[in-house]
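Structure file upload.txt; described as compact mmCIF, C-alpha atoms.
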```txt
# COMPACT_ATOMS: atom_id res chain seq x y z
CA MET A 1 172.24 170.64 -89.92
CA SER A 2 172.62 173.66 -87.67
CA ASN A 3 170.46 175.93 -89.79
CA GLU A 4 167.48 173.76 -88.88
CA HIS A 5 167.74 175.01 -85.28
CA HIS A 6 164.93 177.22 -84.10
CA ILE A 7 166.10 180.83 -83.78
CA THR A 8 164.05 182.65 -81.16
CA PRO A 9 163.11 186.16 -82.33
CA LEU A 10 164.86 189.02 -80.48
CA ARG A 11 161.46 190.43 -79.45
CA THR A 12 160.63 187.21 -77.53
CA TYR A 13 163.87 187.42 -75.49
CA LEU A 14 163.24 191.06 -74.59
CA ILE A 15 159.60 190.39 -73.58
CA ILE A 16 160.66 187.43 -71.40
CA ALA A 17 163.43 189.44 -69.68
CA GLY A 18 161.00 192.33 -69.13
CA SER A 19 158.43 189.94 -67.62
CA LEU A 20 161.10 188.45 -65.31
CA LEU A 21 162.11 191.90 -64.02
CA PHE A 22 158.44 192.89 -63.59
CA LEU A 23 157.69 189.68 -61.63
CA THR A 24 160.75 190.36 -59.43
CA GLY A 25 159.19 193.72 -58.54
CA VAL A 26 155.84 192.02 -57.86
CA THR A 27 157.38 189.41 -55.54
CA VAL A 28 159.25 192.09 -53.52
CA TRP A 29 156.10 194.25 -53.32
CA VAL A 30 153.75 191.48 -52.09
CA SER A 31 156.33 190.35 -49.49
CA TYR A 32 155.66 193.62 -47.62
CA ILE A 33 151.90 192.89 -47.46
CA ASP A 34 150.93 190.61 -44.59
CA LEU A 35 148.88 187.77 -46.08
CA GLY A 36 149.68 185.22 -43.38
CA SER A 37 150.61 181.81 -44.70
CA PHE A 38 149.47 182.88 -48.17
CA ASN A 39 152.70 184.94 -48.52
CA ILE A 40 154.90 181.89 -49.03
CA ILE A 41 152.43 180.32 -51.49
CA LEU A 42 152.30 183.52 -53.54
CA ALA A 43 156.11 183.94 -53.44
CA MET A 44 156.63 180.36 -54.65
CA ALA A 45 153.93 180.73 -57.34
CA VAL A 46 155.64 183.84 -58.74
CA ALA A 47 159.09 182.15 -58.54
CA THR A 48 157.72 179.10 -60.38
CA LEU A 49 156.18 181.29 -63.08
CA LYS A 50 159.57 183.02 -63.52
CA ALA A 51 161.38 179.66 -63.58
CA THR A 52 158.95 178.36 -66.23
CA LEU A 53 159.70 181.37 -68.46
CA VAL A 54 163.45 180.84 -68.03
CA VAL A 55 163.25 177.11 -68.80
CA LEU A 56 160.93 177.37 -71.82
CA PHE A 57 162.44 180.42 -73.54
CA PHE A 58 166.01 181.08 -72.30
CA MET A 59 166.87 177.37 -72.04
CA HIS A 60 165.02 176.73 -75.32
CA LEU A 61 162.99 173.77 -73.99
CA LEU A 62 159.84 174.94 -75.78
CA TRP A 63 161.31 174.16 -79.21
CA ASP A 64 163.81 171.56 -78.11
CA ASP A 65 163.72 167.79 -78.51
CA LYS A 66 161.07 166.67 -76.03
CA LYS A 67 163.40 164.12 -74.38
CA ASN A 68 165.24 167.04 -72.72
CA LEU A 69 161.94 168.32 -71.29
CA VAL A 70 161.21 164.81 -69.99
CA ILE A 71 164.61 164.72 -68.18
CA PHE A 72 164.02 168.11 -66.59
CA VAL A 73 160.46 167.32 -65.48
CA MET A 74 161.73 164.01 -64.05
CA SER A 75 164.30 165.88 -61.91
CA LEU A 76 161.44 167.99 -60.50
CA MET A 77 159.35 164.86 -59.83
CA PHE A 78 162.18 163.29 -57.85
CA LEU A 79 162.70 166.56 -55.97
CA GLY A 80 158.97 166.47 -55.12
CA ILE A 81 159.27 162.91 -53.79
CA PHE A 82 162.39 163.94 -51.83
CA ILE A 83 160.64 166.88 -50.13
CA THR A 84 157.27 165.13 -49.56
CA PHE A 85 158.65 161.99 -47.96
CA THR A 86 161.14 163.90 -45.80
CA LEU A 87 158.36 166.17 -44.51
CA LEU A 88 156.14 163.14 -43.82
CA ASP A 89 158.84 162.21 -41.30
CA THR A 90 159.99 165.56 -39.90
CA GLY A 91 156.56 167.17 -39.93
CA PHE A 92 155.03 164.63 -37.56
CA ARG A 93 157.84 163.96 -35.07
CA GLY A 94 156.40 166.40 -32.53
CA GLY A 95 153.77 163.95 -31.33
CA ILE A 96 156.35 161.30 -30.53
CA ASN A 97 159.38 163.34 -29.51
CA PRO A 98 158.18 166.74 -28.25
CA GLU A 99 161.72 167.82 -27.45
CA VAL A 100 162.68 168.28 -31.12
CA LYS A 101 160.83 171.59 -31.08
CA THR A 102 163.00 173.10 -28.34
CA ALA A 103 166.05 175.21 -29.08
CA ILE A 104 169.10 173.31 -30.25
CA LYS A 105 171.77 174.37 -27.76
CA SER A 106 174.67 173.38 -29.91
CA LYS A 107 178.23 174.54 -29.41
CA ALA A 108 177.44 177.86 -31.10
CA SER A 109 179.54 180.58 -29.52
CA PHE A 110 176.26 182.50 -29.60
CA TYR A 111 175.45 180.74 -26.34
CA ASP A 112 178.77 181.29 -24.59
CA ASN A 113 177.96 184.73 -23.14
CA LEU A 114 180.33 186.44 -25.53
CA PRO A 115 180.48 190.24 -25.28
CA LEU A 116 177.22 191.66 -26.64
CA THR A 117 177.57 193.66 -29.85
CA ASP A 118 175.34 196.02 -31.78
CA THR A 119 174.65 195.80 -35.52
CA HIS A 120 178.12 197.21 -36.27
CA GLY A 121 179.95 194.72 -34.08
CA ASN A 122 180.70 197.27 -31.33
CA PRO A 123 180.41 195.99 -27.76
CA VAL A 124 177.35 197.10 -25.79
CA GLU A 125 176.40 196.74 -22.12
CA SER A 126 172.91 195.35 -22.70
CA HIS A 127 170.15 195.37 -25.26
CA GLU A 128 167.61 197.15 -23.08
CA ASP A 129 168.36 200.61 -24.53
CA HIS A 130 167.57 199.50 -28.05
CA HIS A 131 164.12 198.16 -27.28
CA GLU A 132 162.32 201.49 -27.23
CA GLY A 133 159.58 201.71 -29.82
CA GLU A 134 160.41 198.28 -31.16
CA ASP A 135 157.44 196.28 -32.34
CA ASP A 136 157.59 192.75 -31.08
CA SER A 137 154.69 191.42 -33.16
CA HIS A 138 155.73 188.81 -35.68
CA HIS A 139 154.01 187.63 -38.80
CA MET B 1 171.18 164.57 -92.55
CA SER B 2 174.36 165.86 -94.12
CA HIS B 3 174.70 165.14 -97.80
CA ASN B 4 178.21 166.54 -98.03
CA SER B 5 180.80 163.96 -98.85
CA SER B 6 183.42 165.76 -96.70
CA SER B 7 182.50 166.25 -93.04
CA PRO B 8 183.16 169.60 -91.33
CA ASP B 9 186.20 169.83 -89.02
CA PHE B 10 184.05 170.38 -85.90
CA LEU B 11 182.31 167.01 -86.38
CA HIS B 12 183.89 164.35 -84.16
CA HIS B 13 184.46 161.01 -85.86
CA HIS B 14 182.25 159.05 -83.45
CA PHE B 15 179.09 160.92 -84.51
CA HIS B 16 177.09 160.22 -87.65
CA ASP B 17 176.44 163.84 -88.46
CA VAL B 18 176.43 167.36 -87.06
CA ASP B 19 172.83 167.14 -85.86
CA GLN B 20 173.43 163.93 -83.89
CA GLN B 21 176.50 165.55 -82.28
CA TYR B 22 174.50 168.65 -81.33
CA GLN B 23 171.56 166.70 -79.90
CA THR B 24 173.86 164.37 -77.93
CA SER B 25 175.69 167.31 -76.34
CA LYS B 26 172.43 168.94 -75.28
CA PHE B 27 171.08 165.65 -73.92
CA GLY B 28 174.26 165.29 -71.84
CA MET B 29 173.88 168.83 -70.52
CA TRP B 30 170.28 168.18 -69.47
CA ALA B 31 171.33 165.00 -67.69
CA PHE B 32 173.85 167.16 -65.79
CA ILE B 33 171.08 169.70 -65.03
CA LEU B 34 169.09 166.83 -63.47
CA THR B 35 171.97 166.09 -61.08
CA GLU B 36 172.24 169.82 -60.32
CA VAL B 37 168.53 170.06 -59.46
CA LEU B 38 168.93 167.15 -57.06
CA THR B 39 172.16 168.56 -55.53
CA PHE B 40 170.44 171.83 -54.70
CA GLY B 41 167.30 169.80 -53.97
CA GLY B 42 168.90 168.30 -50.86
CA LEU B 43 169.60 171.83 -49.60
CA PHE B 44 166.06 172.97 -50.42
CA VAL B 45 164.82 169.99 -48.37
CA ALA B 46 167.02 171.10 -45.44
CA TYR B 47 165.61 174.61 -45.78
CA THR B 48 162.00 173.33 -45.86
CA VAL B 49 162.46 171.06 -42.82
CA TYR B 50 164.11 173.70 -40.64
CA ARG B 51 161.71 176.44 -41.71
CA SER B 52 158.78 174.17 -40.81
CA TRP B 53 160.38 173.59 -37.39
CA TYR B 54 161.35 177.23 -36.69
CA PRO B 55 159.00 179.53 -38.68
CA GLU B 56 159.38 182.47 -36.24
CA MET B 57 163.17 182.13 -36.11
CA PHE B 58 163.36 182.17 -39.94
CA TYR B 59 161.20 185.29 -40.05
CA ASP B 60 163.26 187.13 -37.41
CA ALA B 61 166.64 186.03 -38.80
CA HIS B 62 165.76 186.96 -42.40
CA LEU B 63 165.35 190.59 -41.28
CA LEU B 64 169.16 190.65 -40.86
CA LEU B 65 169.58 190.19 -44.64
CA ASP B 66 169.81 193.17 -46.99
CA VAL B 67 166.73 193.04 -49.30
CA GLN B 68 168.07 195.82 -51.55
CA LYS B 69 171.31 193.95 -52.27
CA GLY B 70 169.33 190.75 -52.84
CA MET B 71 166.99 192.46 -55.28
CA LEU B 72 169.88 194.17 -57.07
CA ASN B 73 171.53 190.76 -57.47
CA THR B 74 168.27 189.34 -58.88
CA ILE B 75 168.18 192.11 -61.49
CA VAL B 76 171.89 191.58 -62.30
CA LEU B 77 171.41 187.84 -62.78
CA ILE B 78 168.25 188.16 -64.93
CA SER B 79 170.06 190.72 -67.10
CA SER B 80 173.02 188.36 -67.49
CA SER B 81 170.61 185.57 -68.50
CA LEU B 82 169.24 187.87 -71.21
CA THR B 83 172.70 188.79 -72.53
CA MET B 84 173.70 185.08 -72.53
CA ALA B 85 170.60 184.25 -74.60
CA LEU B 86 171.37 187.17 -76.92
CA ALA B 87 174.97 185.96 -77.38
CA ILE B 88 173.54 182.70 -78.79
CA TRP B 89 170.99 184.61 -80.85
CA ALA B 90 173.76 186.81 -82.31
CA ILE B 91 175.97 183.88 -83.27
CA GLN B 92 172.99 182.13 -84.89
CA LYS B 93 172.51 185.35 -86.91
CA LYS B 94 176.25 185.25 -87.89
CA ASN B 95 176.98 188.44 -85.89
CA LYS B 96 180.30 187.55 -84.22
CA LYS B 97 180.98 191.04 -82.89
CA LEU B 98 177.60 191.33 -81.12
CA SER B 99 177.94 187.80 -79.73
CA LEU B 100 181.37 188.67 -78.26
CA TRP B 101 180.00 191.85 -76.68
CA MET B 102 177.06 189.98 -75.15
CA LEU B 103 179.42 187.36 -73.66
CA VAL B 104 181.66 190.09 -72.20
CA ILE B 105 178.62 191.85 -70.66
CA THR B 106 177.41 188.52 -69.23
CA TRP B 107 180.84 187.96 -67.67
CA VAL B 108 180.93 191.47 -66.18
CA LEU B 109 177.41 191.06 -64.74
CA ALA B 110 178.48 187.75 -63.17
CA LEU B 111 181.45 189.57 -61.59
CA GLY B 112 179.03 192.24 -60.36
CA PHE B 113 176.87 189.55 -58.75
CA LEU B 114 179.85 188.13 -56.87
CA GLY B 115 180.94 191.65 -55.89
CA ILE B 116 177.56 192.39 -54.29
CA LYS B 117 177.62 188.96 -52.64
CA TYR B 118 181.10 189.79 -51.28
CA LEU B 119 179.77 192.99 -49.67
CA GLU B 120 176.96 191.00 -48.00
CA TYR B 121 179.27 188.20 -46.84
CA SER B 122 181.99 190.52 -45.48
CA HIS B 123 179.43 192.40 -43.37
CA LYS B 124 178.15 189.12 -41.94
CA PHE B 125 181.67 187.92 -41.18
CA GLU B 126 182.35 191.22 -39.45
CA VAL B 127 179.36 191.06 -37.10
CA GLY B 128 179.43 187.27 -36.61
CA GLN B 129 176.21 186.28 -38.38
CA LEU B 130 177.76 182.96 -39.31
CA PRO B 131 176.79 179.27 -39.48
CA GLY B 132 176.70 176.89 -36.52
CA ILE B 133 179.46 177.21 -33.94
CA PHE B 134 180.88 180.33 -35.61
CA TYR B 135 177.78 182.39 -34.85
CA SER B 136 178.50 185.20 -32.36
CA TYR B 137 176.19 188.08 -33.26
CA MET B 138 174.09 189.28 -30.29
CA GLY B 139 172.51 192.45 -31.66
CA PRO B 140 169.21 193.80 -30.34
CA GLU B 141 167.20 192.12 -33.14
CA VAL B 142 168.24 188.61 -32.13
CA VAL B 143 167.88 188.55 -28.33
CA ASN B 144 164.57 186.72 -28.65
CA ILE B 145 165.56 184.41 -31.51
CA ASP B 146 166.19 180.81 -30.52
CA ASN B 147 168.53 179.37 -33.17
CA PRO B 148 169.69 182.02 -35.65
CA HIS B 149 172.88 180.03 -36.32
CA ILE B 150 170.73 177.41 -38.11
CA PHE B 151 169.30 180.04 -40.47
CA PHE B 152 172.79 181.33 -41.28
CA GLY B 153 174.11 177.79 -41.74
CA ILE B 154 171.50 177.13 -44.45
CA TYR B 155 171.91 180.64 -45.89
CA PHE B 156 175.68 180.35 -46.29
CA ILE B 157 175.66 176.83 -47.70
CA MET B 158 172.92 177.53 -50.26
CA THR B 159 174.12 180.97 -51.41
CA GLY B 160 177.74 179.74 -51.19
CA LEU B 161 177.14 176.76 -53.47
CA HIS B 162 175.20 179.05 -55.80
CA GLY B 163 178.08 181.57 -55.74
CA LEU B 164 180.50 178.76 -56.61
CA HIS B 165 178.31 178.02 -59.65
CA VAL B 166 178.48 181.69 -60.66
CA ALA B 167 182.30 181.58 -60.40
CA ILE B 168 182.46 178.36 -62.50
CA GLY B 169 180.05 179.97 -64.99
CA MET B 170 182.44 182.94 -65.31
CA GLY B 171 185.25 180.56 -66.21
CA LEU B 172 183.06 178.86 -68.84
CA ILE B 173 181.94 182.21 -70.31
CA ALA B 174 185.59 183.33 -70.53
CA TRP B 175 186.26 180.10 -72.44
CA LEU B 176 183.36 180.92 -74.83
CA ILE B 177 184.80 184.41 -75.41
CA TYR B 178 188.13 182.81 -76.35
CA LEU B 179 186.50 180.25 -78.68
CA THR B 180 184.32 182.87 -80.39
CA LYS B 181 187.24 185.26 -80.85
CA LYS B 182 189.28 182.45 -82.47
CA ASP B 183 186.35 181.69 -84.84
CA LYS B 184 186.03 178.21 -83.33
CA LEU B 185 182.33 178.99 -82.77
CA HIS B 186 180.11 180.19 -85.61
CA SER B 187 176.53 179.87 -86.88
CA GLU B 188 177.13 176.26 -88.01
CA TYR B 189 178.70 175.14 -84.71
CA TYR B 190 177.93 176.87 -81.42
CA THR B 191 177.17 173.81 -79.24
CA PRO B 192 179.49 174.92 -76.35
CA MET B 193 177.68 178.26 -76.20
CA GLU B 194 174.28 176.55 -76.17
CA THR B 195 175.23 174.13 -73.37
CA VAL B 196 177.04 176.73 -71.23
CA GLY B 197 173.95 178.91 -71.78
CA ILE B 198 171.73 176.18 -70.32
CA PHE B 199 174.08 175.98 -67.30
CA TRP B 200 174.06 179.76 -66.86
CA HIS B 201 170.24 179.93 -66.99
CA LEU B 202 170.10 177.19 -64.33
CA VAL B 203 172.22 179.42 -62.07
CA ASP B 204 169.66 182.20 -62.68
CA LEU B 205 166.79 179.77 -62.05
CA ILE B 206 168.16 178.67 -58.66
CA TRP B 207 168.62 182.28 -57.57
CA ILE B 208 164.97 182.95 -58.57
CA TYR B 209 164.02 180.59 -55.71
CA LEU B 210 166.80 181.58 -53.25
CA PHE B 211 165.87 185.27 -53.37
CA PRO B 212 162.27 185.01 -52.04
CA LEU B 213 163.11 182.09 -49.71
CA PHE B 214 165.84 184.01 -47.86
CA TYR B 215 165.23 187.74 -48.36
CA LEU B 216 161.42 187.96 -48.61
CA ILE B 217 159.95 185.77 -45.87
CA GLY B 218 156.48 187.32 -45.47
```
Is it possible to give me this structure as C-alpha cells?
Amino acid sequence: MSNEHHITPLRTYLIIAGSLLFLTGVTVWVSYIDLGSFNIILAMAVATLKATLVVLFFMHLLWDDKKNLVIFVMSLMFLGIFITFTLLDTGFRGGINPEVKTAIKSKASFYDNLPLTDTHGNPVESHEDHHEGEDDSHH
Amino acid sequence: MSHNSSSPDFLHHHFHDVDQQYQTSKFGMWAFILTEVLTFGGLFVAYTVYRSWYPEMFYDAHLLLDVQKGMLNTIVLISSSLTMALAIWAIQKKNKKLSLWMLVITWVLALGFLGIKYLEYSHKFEVGQLPGIFYSYMGPEVVNIDNPHIFFGIYFIMTGLHGLHVAIGMGLIAWLIYLTKKDKLHSEYYTPMETVGIFWHLVDLIWIYLFPLFYLIG
C-alpha cells in the first residue's frame, strides 16, 4: 500500500537543493579560470555530480525499486556507446579527408556580404574601429 | 498486499493491487525517460562532434551568449525541482494546501524560465544570431569566426527542444494542480504527481548539462 512508500525527510530535500545551487556557483566560478582542456573535464564532473544528486534524491531512485535504476543506467550506457562510436568515426576523418576541417561555406546569409551590423543590429561601415584594445588570444 | 475486500476507486481493474499499479506506472515513466535520454543523446552527440571539429569557433561563439541569464535560469530550474519534490512530500504528509502551493510555485518558476529564455531568443532573432542559412550577424566579435551558424544551429535545437519540454511540463503541472484541488490526488494515491515529478526533474537534469556546455566553455 501507499504508506509503505519511502518519505524523504524535508531536511534531505533542502540540503540537496542547497548543494545544487552551491555547485552551480562553483561551475560558473571555475569557468573563468583558464585550466586549458581541464576546464571541460571539471565542468562535466560537476554537472555529473549535480545530475547524480537529482536522480538519486529528487527522482527517488535511491529508495526506488532497483529495476528503475537499471533502466536509467542502461540509457546512459547506450548514450556512451552512441558518443564513443560516433567519435571513433568523426575524430579520425582528418587523416583521410583533410578538407572536413575547413570552413563549411553553406548557404548561410552570413557569407552573402550582407550589411555589417554591430551588437545591436545597427549597420556599421567596417569592424576596424571596434578592434582597439581587443584581446585576440583564445583559450 | 491489500487485505481489504473492497478495492479503492483509484485502483484500475487490470491491476492486482494498489502497489502493483504504482510500481507499473513508475516503471513506464522510467522507460519513457530512457527514450528521452536517447532523444537528447543524439543532440549531445551532434554537439560533441562539432565541438571536436571547431573548438575555437565554439569558444568564440559562446561569448555571444548571456551567462547571467543562463545562470539565473539554472537557479530558477533547480528551485522549481525543489518545489516539485516538496509538492510530493507535502501530499505524502497529507498536507493538501502546501502541496497545491508548491505546485503553483513550480508552475510560476517554469513560466519564469521560459520568460528569460524568450528575452535571450528575441535578442538573438533581432541581431541575426540564428541557425544555418538564417545566420546574418556580423558584429565585431565574429569577424574571425569560421562557422558561427553551426554553433547557433545546435544551440537553438537543443535549448528549443528543452524549452518545449518545459512548456509540456507546465501543462502537466497545471493538470496536477487541478487533480489535487479536486481531491483526486491524496496520500494514498499520488502516482501522477510522482511520475510528472520524475519528468520535471529530467528537464532540470538536461539543463544541468546544457548550461555549462553552451554558456561556460572554458
Here's a test: counting all atoms listed in the file, identify every protein, DNA and RNA residue with an atom at most 12 Å from (162.3, 187.3, -68.7) in the file's coordinate frame, and state them as a VMD selection string.
(chain A and resid 11 to 24 47 49 to 59) or (chain B and resid 74 to 75 77 to 83 85 201 204 to 205 208)
Students should find that atom CA of His62 of chain B and atom CA of Val142 of chain B are spaced 10.7 Å
Could you list, as a PyMOL selection string, every residue of chain B that has an atom within 7 Å of an atom of chain A, counting all atoms listed in the file?
chain B and resi 1-2+18-19+27+30-31+34+37-38+41+45+49+53+75+78+82+85+89+126-127+132-140+146-147+188-189+198+201+205+208-209+212+216-218
Rounded to one decimal in Å, what is the spacing between atom CA of Thr191 of chain B and atom CA of Gln21 of chain B?
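Those two atoms sit 8.8 Å apart.
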With all atoms listed in the file as the counted atoms, please give the residues lying no more than 8 Å from Lys69 of chain B, apart from itself and same-chain residues fewer than 3 positions off, as a PyMOL selection string.
chain B and resi 66+72-73+116+120
Keeping only C-alpha atoms, take the residues you just selected and write them out as a PDB file, in the coordinates of the input.
```pdb
ATOM      1  CA  ASP B  66     169.810 193.170 -46.990  1.00  0.00           C
ATOM      2  CA  LEU B  72     169.880 194.170 -57.070  1.00  0.00           C
ATOM      3  CA  ASN B  73     171.530 190.760 -57.470  1.00  0.00           C
ATOM      4  CA  ILE B 116     177.560 192.390 -54.290  1.00  0.00           C
ATOM      5  CA  GLU B 120     176.960 191.000 -48.000  1.00  0.00           C
TER       6      GLU B 120
END
```
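One distance worth recording is that between atom CA of Leu109 of chain B and atom CA of Val76 of chain B, which is 6.1 Å.
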Box along x, y and z, 5 Å on every side, all listed atoms of segment 57-64 of chain A inside: centre and edge lengths in Å to one decimal, as JSON.
```
{"center_x": 163.4, "center_y": 176.3, "center_z": -75.6, "size_x": 17.0, "size_y": 19.5, "size_z": 17.2}
```
Pull the neighbourhood of (177.8, 183.5, -45.2) for me: all residues within 6 Å in file coordinates, counting all atoms listed in the file, as a ChimeraX atom specification.
/B:121,130,156
